[in-house]
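Just entry_11.txt here, compact mmCIF, C-alpha atoms:
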# COMPACT_ATOMS: atom_id res chain seq x y z
CA MET A 1 -34.52 -4.37 -18.81
CA ALA A 2 -32.47 -3.08 -21.71
CA ILE A 3 -30.26 -0.04 -21.22
CA ASN A 4 -30.51 2.64 -23.86
CA PHE A 5 -27.05 4.09 -24.53
CA GLU A 6 -28.27 6.28 -27.41
CA PRO A 7 -28.61 9.45 -25.27
CA ILE A 8 -25.02 9.04 -24.08
CA PHE A 9 -23.62 8.31 -27.52
CA SER A 10 -25.58 11.03 -29.32
CA GLU A 11 -24.29 13.74 -26.96
CA MET A 12 -20.67 12.57 -27.08
CA ALA A 13 -18.36 12.91 -30.04
CA ASN A 14 -17.17 9.40 -30.97
CA GLY A 15 -19.03 8.05 -27.90
CA PRO A 16 -18.79 4.30 -28.53
CA GLU A 17 -15.21 4.58 -29.78
CA LYS A 18 -14.11 6.63 -26.73
CA ILE A 19 -15.74 4.20 -24.30
CA LYS A 20 -14.07 1.21 -25.99
CA GLU A 21 -10.75 3.09 -26.05
CA ASN A 22 -10.98 3.62 -22.27
CA PHE A 23 -11.68 -0.08 -21.65
CA ASP A 24 -8.80 -1.03 -23.94
CA LYS A 25 -6.46 1.14 -21.84
CA LEU A 26 -7.35 -0.65 -18.61
CA VAL A 27 -5.82 -4.06 -19.14
CA ASP A 28 -3.92 -5.89 -21.82
CA ILE A 29 -4.13 -9.32 -20.21
CA GLN A 30 -1.31 -10.59 -22.42
CA ASN A 31 1.07 -8.17 -20.69
CA TRP A 32 1.42 -9.01 -16.98
CA SER A 33 4.10 -9.54 -14.37
CA VAL A 34 4.53 -10.03 -10.63
CA THR A 35 7.32 -8.42 -8.63
CA GLU A 36 8.00 -9.22 -4.98
CA VAL A 37 10.06 -6.91 -2.80
CA ARG A 38 11.21 -8.03 0.66
CA ILE A 39 10.57 -5.71 3.62
CA THR A 40 13.66 -5.71 5.85
CA PRO A 41 13.36 -4.69 9.53
CA ILE A 42 16.12 -2.53 11.07
CA ASN A 43 16.97 -0.77 14.36
CA GLY A 44 16.47 -3.89 16.48
CA TRP A 45 13.04 -4.72 15.07
CA SER A 46 12.48 -8.23 13.75
CA GLY A 47 9.97 -9.80 11.40
CA GLY A 48 9.55 -8.51 7.88
CA GLY A 49 7.25 -9.06 4.98
CA THR A 50 6.65 -8.41 1.29
CA TRP A 51 5.37 -5.81 -1.10
CA LYS A 52 3.95 -7.60 -4.14
CA LYS A 53 3.20 -5.73 -7.35
CA LEU A 54 0.92 -7.42 -9.91
CA LYS A 55 1.16 -5.45 -13.13
CA LEU A 56 -1.60 -5.97 -15.72
CA GLY A 57 -0.89 -3.67 -18.66
CA ASN A 58 -0.99 -0.18 -17.20
CA VAL A 59 -2.78 -1.27 -13.99
CA THR A 60 -0.71 -2.27 -10.94
CA ILE A 61 -2.24 -3.97 -7.91
CA ASN A 62 -0.01 -3.51 -4.87
CA ALA A 63 -0.26 -5.82 -1.84
CA PHE A 64 1.79 -4.91 1.24
CA SER A 65 1.99 -7.36 4.12
CA ALA A 66 4.46 -7.18 6.98
CA SER A 67 4.72 -8.08 10.63
CA PHE A 68 7.16 -6.36 12.97
CA THR A 69 8.23 -7.37 16.47
CA SER A 70 9.54 -4.61 18.71
CA PRO A 71 12.73 -4.41 20.70
CA LYS A 72 12.49 -2.94 24.22
CA ILE A 73 12.22 0.83 23.95
CA ASP A 74 12.15 3.04 27.02
CA SER A 75 10.68 6.45 26.28
CA VAL A 76 9.29 5.74 22.80
CA PRO A 77 9.96 8.63 20.40
CA TYR A 78 7.22 10.13 18.22
CA SER A 79 8.51 8.28 15.15
CA VAL A 80 10.38 4.96 15.17
CA GLN A 81 12.00 3.66 12.00
CA VAL A 82 11.24 -0.05 11.80
CA SER A 83 12.27 -0.87 8.23
CA ALA A 84 14.40 0.24 5.34
CA GLN A 85 12.14 1.59 2.61
CA PRO A 86 12.29 -0.41 -0.63
CA SER A 87 13.05 1.48 -3.81
CA GLY A 88 9.93 2.84 -5.48
CA PHE A 89 7.64 2.61 -2.46
CA PRO A 90 5.29 5.62 -2.60
CA ASN A 91 6.09 8.25 0.03
CA TRP A 92 2.43 9.23 0.20
CA ARG A 93 1.29 5.80 1.42
CA LYS A 94 -0.03 5.83 5.00
CA ILE A 95 -1.14 2.49 6.47
CA GLY A 96 -2.89 1.78 9.75
CA VAL A 97 -1.03 -0.49 12.17
CA PHE A 98 -2.78 -3.36 13.85
CA SER A 99 -1.14 -4.50 17.06
CA ASN A 100 -1.70 -8.02 18.31
CA ASP A 101 -1.06 -6.65 21.80
CA ASN A 102 -3.79 -3.97 22.00
CA ILE A 103 -1.42 -1.03 21.62
CA ALA A 104 -3.53 1.75 20.18
CA ASN A 105 -2.82 5.08 18.52
CA MET A 106 -0.03 4.08 16.16
CA LEU A 107 0.33 4.52 12.40
CA PHE A 108 2.74 3.01 9.88
CA PHE A 109 3.92 5.10 6.96
CA ALA A 110 6.68 5.69 4.46
CA ASP A 111 8.29 9.10 4.65
CA GLN A 112 11.51 10.47 3.17
CA GLY A 113 13.01 7.05 2.52
CA LYS A 114 12.04 5.56 5.89
CA MET A 115 9.30 3.22 7.03
CA ASN A 116 8.17 4.35 10.45
CA ILE A 117 5.69 3.56 13.15
CA VAL A 118 4.37 6.84 14.51
CA ASN A 119 3.55 6.90 18.19
CA PHE A 120 0.60 8.80 19.60
CA GLY A 121 0.90 8.27 23.34
CA VAL A 122 2.81 5.03 24.00
CA THR A 123 5.62 5.82 26.46
CA ASN A 124 7.40 2.47 26.84
CA LEU A 125 7.48 -0.53 24.53
CA GLU A 126 8.30 -3.99 25.83
CA ALA A 127 10.35 -6.34 23.67
CA GLY A 128 8.26 -8.76 21.67
CA ARG A 129 5.26 -6.55 20.86
CA HIS A 130 3.76 -7.51 17.48
CA PHE A 131 2.55 -5.07 14.82
CA ASP A 132 0.84 -6.26 11.64
CA VAL A 133 0.75 -3.97 8.62
CA ASN A 134 -1.41 -4.90 5.61
CA ASP A 135 -2.63 -2.80 2.71
CA VAL A 136 -3.73 -3.09 -0.92
CA TRP A 137 -3.88 -0.26 -3.45
CA ILE A 138 -4.28 0.12 -7.21
CA GLU A 139 -2.29 2.41 -9.48
CA VAL A 140 -3.12 3.23 -13.10
CA ALA A 141 -0.34 4.60 -15.29
Spell out the structure here as C-alpha cells.
Amino acid sequence: MAINFEPIFSEMANGPEKIKENFDKLVDIQNWSVTEVRITPINGWSGGGTWKKLKLGNVTINAFSASFTSPKIDSVPYSVQVSAQPSGFPNWRKIGVFSNDNIANMLFFADQGKMNIVNFGVTNLEAGRHFDVNDVWIEVA
C-alpha cells in the first residue's frame, strides 16, 4: 500500500523541505560523543554508579544506573541525601527506587543540588539495605 503524501505537502508551505529539515536536525551521526559521570555516595551510604550521556548531534540519550547500600538509620527522616549531585544533572528528574529488600514507598530524585531518597513511611533502616536506581531519558537541544 503506497502512502500519498500529496495532501500533506499541498497544504503545507515548503512541505517536503520542512520535513527533511526536521529529520536533518535530529541526528548528525558524524558528530557523537559519550560522557560518563560517576555517582558518589555520601552520608554513610555505599555503592555508587554512573550517569552516561550519549550525544548524537543535538540528541542526548541519558542512562542513569546506581545502586546504594544503606547505613543503619534509626528514625528515618522524610528525605535522606545518599549522593552528591553531579554537575549538570537535571533537577526535575524524579526516578523510582527499586529495593532489593522489599522496602516500599520510596522515591529517588535530584533536588537543589542533592540526590535524595524520599521516605514515605519507613521508620527504621537497617544497615545493608540495597536500593537500585535506573533510568533512561532523551533530551533534544
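For the pair CA of Glu36 in chain A and CA of His130 in chain A, the separation is 22.9 Å.
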Exercise for review: Write out as a list in words the residues lying within 10 Å of Thr69 in chain A, counting all atoms listed in the file and excluding same-chain residues fewer than 5 positions away.
Suggested key: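 In the requested format, the answer is Pro41, Gly44, Trp45, Ser46, Gly47, Gly48, Val82, Ser99, Glu126, Ala127, Gly128, Arg129, His130, Phe131 and Asp132 of chain A.
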Point to revise | Distance in Å - CA of Thr40 in chain A versus CA of Ser87 in chain A | key: 12.1 Å
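Pairwise distance (CA of Ser75 in chain A, CA of Val118 in chain A) equals 13.4 Å.
Of the residues listed (A:Ile42, A:Thr50, A:Pro71, A:Val59), A:Ile42 shows the shortest atom-to-atom separation from Asn116 in chain A; distances use all atoms listed in the file.
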Exercise for review: Compare A:Ala84, A:Lys20, A:Pro77, A:Lys72 by their minimum atom-to-atom distance to Gly49 in chain A, counting only C-alpha atoms, and give me the closest one.
Suggested key: A:Ala84
Hey, what's within 8 Å of Lys53 in chain A if we count only C-alpha atoms and toss same-chain stuff fewer than 6 positions away? As an mmCIF file with C-alpha atoms, keeping the file's coordinate frame, please?
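Result file follows (out17.cif):
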data_model
loop_
_atom_site.group_PDB
_atom_site.id
_atom_site.type_symbol
_atom_site.label_atom_id
_atom_site.label_comp_id
_atom_site.auth_asym_id
_atom_site.auth_seq_id
_atom_site.Cartn_x
_atom_site.Cartn_y
_atom_site.Cartn_z
ATOM 1 C CA VAL A 34 4.530 -10.030 -10.630
ATOM 2 C CA THR A 35 7.320 -8.420 -8.630
ATOM 3 C CA GLU A 36 8.000 -9.220 -4.980
ATOM 4 C CA THR A 60 -0.710 -2.270 -10.940
ATOM 5 C CA ILE A 61 -2.240 -3.970 -7.910
ATOM 6 C CA ASN A 62 -0.010 -3.510 -4.870
ATOM 7 C CA ALA A 63 -0.260 -5.820 -1.840
#
Study note, to complete from the structure: If you count only C-alpha atoms, the residue of A:Phe68, A:Glu17, A:Trp92, A:Pro86 closest to Lys52 in chain A turns out to be A:Pro86
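Using all atoms listed in the file, the nearest neighbour of Gly57 in chain A within the list A:Ser79, A:Asn4, A:Asn91, A:Ser33 is A:Ser33.
Comparing A:Asn43, A:Asn134, A:Gln81, A:Asn22 by their smallest distance to Lys94 in chain A, the closest is A:Asn134 (using all atoms listed in the file).
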**Study point:** Polymer residues at most 12 Å from (-2.0, 10.1, -13.6) by all atoms listed in the file, as a PyMOL selection string
**Key:** chain A and resi 58-59+139-141
